[in-house]
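Down below is the structure, laid out as structure tokens.
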Amino acid sequence: MLSLKRLLDRSLTAQAVLVFLLGLGITALFRRDEHPAAWVLHSTLYTGIAIAVLAVQRRRAARAVGTDAGGLADLNRKIRHHEVPQEPEEQAAVRRLVTEQLGQMERARKWLPYWLGAMGILTIGLVVLGAVSGSLVLPLVFAAGMVALCFWVLWMRRRSLERLHWMRQALQQK
């Protein structure tokens with residue numbers, strides 16, 4: 001499992017394969033009446049969009065830190081595992097990465113309530129539509145999934161902030 005996680009951290013191709021397979025499964029689940037070729041086409045489109053966004057984000061982050069994508073994955077792994085680098089140039093790169101990620105999270109913080117509100121309105125609207133139509137099972141499952149997703153996003157955000165603040169503090173002490 002550790003090697004799979006490391007492969008997914010480092011390889012854009014592995015991420016593309018995973019997104020394609022997930023997209024194919026979800027498309028096949030929700031569009032059963034379509035031809036399987038349409039499933040593949042939709043999954044390819046979703047994969048292309050997701051990987052393009054991911055590649056732009058990675059390139060921007062790598063440029064800001066001054067490393068390549070592989071080096072960026074290693075620096076992120078060190079932050080996740082609370083490994084403070086010993087070499088001065090690596091410390092400087094981690095410092096730049098922490099500053100960049102904290103800046104991104106600070107800019108995204110102002111949009112978080114709007115996103116959570118939109119998810120809440122969408123969930124409430126779907127439950128109301130389900131109640132009006134008389135079928136509450138799927139809307140309630142969706143609502144539970146949406147609540148779980150929102151709490152997961154908030155938990156991951158808090159966890160990332162704690163790790164980044166810890167690393168910033170550890171680097172200031174060196």
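Within each chain, counting starts at residue 1; across the structure tokens, chains are named A, B, ... in the order shown, with ligands numbered 1 upward in that order.
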List as a compact mmCIF listing (two decimals) with N, CA and C atoms, in the first residue's frame the protein and nucleic acid residues near Tyr46 of chain A, meaning an atom at most 8 Å away when only C-alpha atoms are counted, but skip any in the same chain fewer than 5 places from it.
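Saved result, part_9.txt, follows:
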```
# COMPACT_ATOMS: atom_id res chain seq x y z
N VAL A 19 -7.96 8.08 -12.02
CA VAL A 19 -9.10 8.95 -12.32
C VAL A 19 -9.92 8.35 -13.45
N PHE A 20 -9.26 7.80 -14.46
CA PHE A 20 -9.99 7.19 -15.58
C PHE A 20 -10.84 6.02 -15.10
N GLY A 23 -13.70 7.32 -12.98
CA GLY A 23 -14.67 7.97 -13.86
C GLY A 23 -15.46 6.96 -14.67
```
For Gly145 of chain A: contacts at 12 Å, only C-alpha atoms, fewer than 6 positions along chain excluded, given as a PyMOL selection string: chain A and resi 119-120+123+138-139+151-152
Spatial neighbours of Gln104 of chain A, 12 Å, only C-alpha atoms, chain gap at least 4 places, as a VMD selection string: chain A and resid 57 60 to 61 64 97 to 100 108 to 111 157 160 to 161 164
Would you write out those residues with N, CA and C atoms, as a short mmCIF file (atom, residue, chain, number, x, y, z; two decimals), in the first residue's frame?
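This went into result-v1.cif:
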```cif
data_model
loop_
_atom_site.label_atom_id
_atom_site.label_comp_id
_atom_site.auth_asym_id
_atom_site.auth_seq_id
_atom_site.Cartn_x
_atom_site.Cartn_y
_atom_site.Cartn_z
N GLN A 57 -1.55 22.98 -11.50
CA GLN A 57 -1.29 23.24 -10.07
C GLN A 57 0.09 22.76 -9.66
N ARG A 60 2.78 25.11 -11.15
CA ARG A 60 2.80 26.38 -10.43
C ARG A 60 3.48 26.22 -9.07
N ALA A 61 3.14 25.16 -8.35
CA ALA A 61 3.75 24.92 -7.03
C ALA A 61 5.24 24.62 -7.16
N ALA A 64 7.08 27.79 -7.84
CA ALA A 64 7.17 28.66 -6.66
C ALA A 64 8.19 28.15 -5.67
N LEU A 97 7.69 26.10 0.22
CA LEU A 97 6.50 25.28 -0.01
C LEU A 97 5.46 25.52 1.09
N VAL A 98 5.90 25.57 2.33
CA VAL A 98 4.97 25.82 3.44
C VAL A 98 4.32 27.20 3.28
N THR A 99 5.12 28.19 2.93
CA THR A 99 4.58 29.54 2.73
C THR A 99 3.58 29.56 1.59
N GLU A 100 3.90 28.89 0.50
CA GLU A 100 3.00 28.82 -0.66
C GLU A 100 1.69 28.14 -0.30
N ALA A 108 -8.11 30.47 0.01
CA ALA A 108 -9.28 29.61 -0.18
C ALA A 108 -10.23 29.68 1.01
N ARG A 109 -9.72 30.14 2.15
CA ARG A 109 -10.54 30.20 3.36
C ARG A 109 -11.77 31.09 3.20
N LYS A 110 -11.62 32.17 2.43
CA LYS A 110 -12.75 33.08 2.29
C LYS A 110 -13.86 32.48 1.43
N TRP A 111 -13.52 31.48 0.60
CA TRP A 111 -14.53 30.85 -0.25
C TRP A 111 -15.16 29.62 0.39
N ARG A 157 -8.63 19.88 5.86
CA ARG A 157 -8.11 21.24 5.89
C ARG A 157 -7.44 21.53 7.23
N SER A 160 -4.19 19.54 7.48
CA SER A 160 -3.13 20.14 6.66
C SER A 160 -2.58 21.40 7.30
N LEU A 161 -3.47 22.23 7.83
CA LEU A 161 -3.01 23.46 8.49
C LEU A 161 -2.12 23.13 9.70
N LEU A 164 1.30 22.06 8.39
CA LEU A 164 2.06 23.17 7.84
C LEU A 164 2.55 24.10 8.94
#
```
Test item: residues at most 12 Å from Thr13 of chain A, only C-alpha atoms, excluding those fewer than 6 positions along its chain, as a list in words: Leu7, Val19, Phe20, Thr47, Gly48, Ala50, Ile51, Ala52, Leu54 and Ala55 of chain A
Output file for the selection above: N, CA, C and O atoms, as a PDB file, in the first residue's frame:
```
ATOM      1  N   LEU A   7       3.646   5.904  -5.490  1.00  0.00           N
ATOM      2  CA  LEU A   7       3.479   5.974  -6.940  1.00  0.00           C
ATOM      3  C   LEU A   7       2.445   7.028  -7.311  1.00  0.00           C
ATOM      4  O   LEU A   7       2.652   7.822  -8.239  1.00  0.00           O
ATOM      5  N   VAL A  19      -7.956   8.083 -12.017  1.00  0.00           N
ATOM      6  CA  VAL A  19      -9.100   8.949 -12.319  1.00  0.00           C
ATOM      7  C   VAL A  19      -9.924   8.355 -13.452  1.00  0.00           C
ATOM      8  O   VAL A  19     -11.166   8.376 -13.411  1.00  0.00           O
ATOM      9  N   PHE A  20      -9.263   7.801 -14.465  1.00  0.00           N
ATOM     10  CA  PHE A  20      -9.989   7.194 -15.585  1.00  0.00           C
ATOM     11  C   PHE A  20     -10.836   6.022 -15.104  1.00  0.00           C
ATOM     12  O   PHE A  20     -12.015   5.916 -15.457  1.00  0.00           O
ATOM     13  N   THR A  47     -11.057  12.617 -17.179  1.00  0.00           N
ATOM     14  CA  THR A  47      -9.642  12.420 -16.860  1.00  0.00           C
ATOM     15  C   THR A  47      -8.798  13.544 -17.436  1.00  0.00           C
ATOM     16  O   THR A  47      -7.907  14.068 -16.757  1.00  0.00           O
ATOM     17  N   GLY A  48      -9.066  13.909 -18.674  1.00  0.00           N
ATOM     18  CA  GLY A  48      -8.308  14.988 -19.305  1.00  0.00           C
ATOM     19  C   GLY A  48      -8.429  16.298 -18.549  1.00  0.00           C
ATOM     20  O   GLY A  48      -7.430  16.993 -18.310  1.00  0.00           O
ATOM     21  N   ALA A  50      -9.339  16.712 -15.329  1.00  0.00           N
ATOM     22  CA  ALA A  50      -8.734  16.590 -13.993  1.00  0.00           C
ATOM     23  C   ALA A  50      -7.214  16.626 -14.057  1.00  0.00           C
ATOM     24  O   ALA A  50      -6.558  17.303 -13.242  1.00  0.00           O
ATOM     25  N   ILE A  51      -6.622  15.935 -14.998  1.00  0.00           N
ATOM     26  CA  ILE A  51      -5.163  15.884 -15.091  1.00  0.00           C
ATOM     27  C   ILE A  51      -4.606  17.224 -15.564  1.00  0.00           C
ATOM     28  O   ILE A  51      -3.532  17.645 -15.112  1.00  0.00           O
ATOM     29  N   ALA A  52      -5.320  17.921 -16.435  1.00  0.00           N
ATOM     30  CA  ALA A  52      -4.863  19.245 -16.863  1.00  0.00           C
ATOM     31  C   ALA A  52      -4.832  20.212 -15.680  1.00  0.00           C
ATOM     32  O   ALA A  52      -3.850  20.940 -15.487  1.00  0.00           O
ATOM     33  N   LEU A  54      -4.628  19.398 -12.496  1.00  0.00           N
ATOM     34  CA  LEU A  54      -3.591  18.924 -11.577  1.00  0.00           C
ATOM     35  C   LEU A  54      -2.190  19.282 -12.077  1.00  0.00           C
ATOM     36  O   LEU A  54      -1.338  19.703 -11.292  1.00  0.00           O
ATOM     37  N   ALA A  55      -1.955  19.135 -13.376  1.00  0.00           N
ATOM     38  CA  ALA A  55      -0.638  19.452 -13.931  1.00  0.00           C
ATOM     39  C   ALA A  55      -0.327  20.941 -13.798  1.00  0.00           C
ATOM     40  O   ALA A  55       0.809  21.315 -13.465  1.00  0.00           O
TER      41      ALA A  55
END
```
Among listed residues A:Arg163, A:Leu24, A:Leu154, A:Ser3, nearest Leu112 of chain A (using only C-alpha atoms):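 Nearest candidate to Leu112 of chain A out of A:Arg163, A:Leu24, A:Leu154, A:Ser3: A:Leu154.
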Point-to-point distance in Å for atom CA of Leu45 of chain A and atom CA of Ala62 of chain A: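 These atoms are spaced 25.6 Å apart.
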Sel. of alpha helix (DSSP H) residues, segment 9-134 of chain A, as an MDAnalysis selection string: chainID A and resid 9:10 12:30 36:65 69:80 88:109 112:133
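In this structure, atom CA of Ala28 of chain A sits 27.8 Å away from atom CA of Val132 of chain A.
Of the residues under consideration (A:Leu75, A:Ala148, A:Leu102, A:Ile49), A:Leu75 shows the shortest atom-to-atom contact distance to Glu89 of chain A when counting only C-alpha atoms.
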Nearest-residue call for Leu116 of chain A, choices A:Val153, A:Val40, A:Val141, A:Val94, using only C-alpha atoms: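 Under the stated criterion, the closest residue is A:Val153.
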Gap from atom CA of Pro113 of chain A to atom CA of Val137 of chain A - Å, one decimal: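 Calculated distance between atom CA of Pro113 of chain A and atom CA of Val137 of chain A is 27.5 Å.
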12 Å contact set for segment 80-86 of chain A, only C-alpha atoms, chain neighbours under 4 positions out, as an MDAnalysis selection string: chainID A and resid 73:76 90:95 98 156 159:174
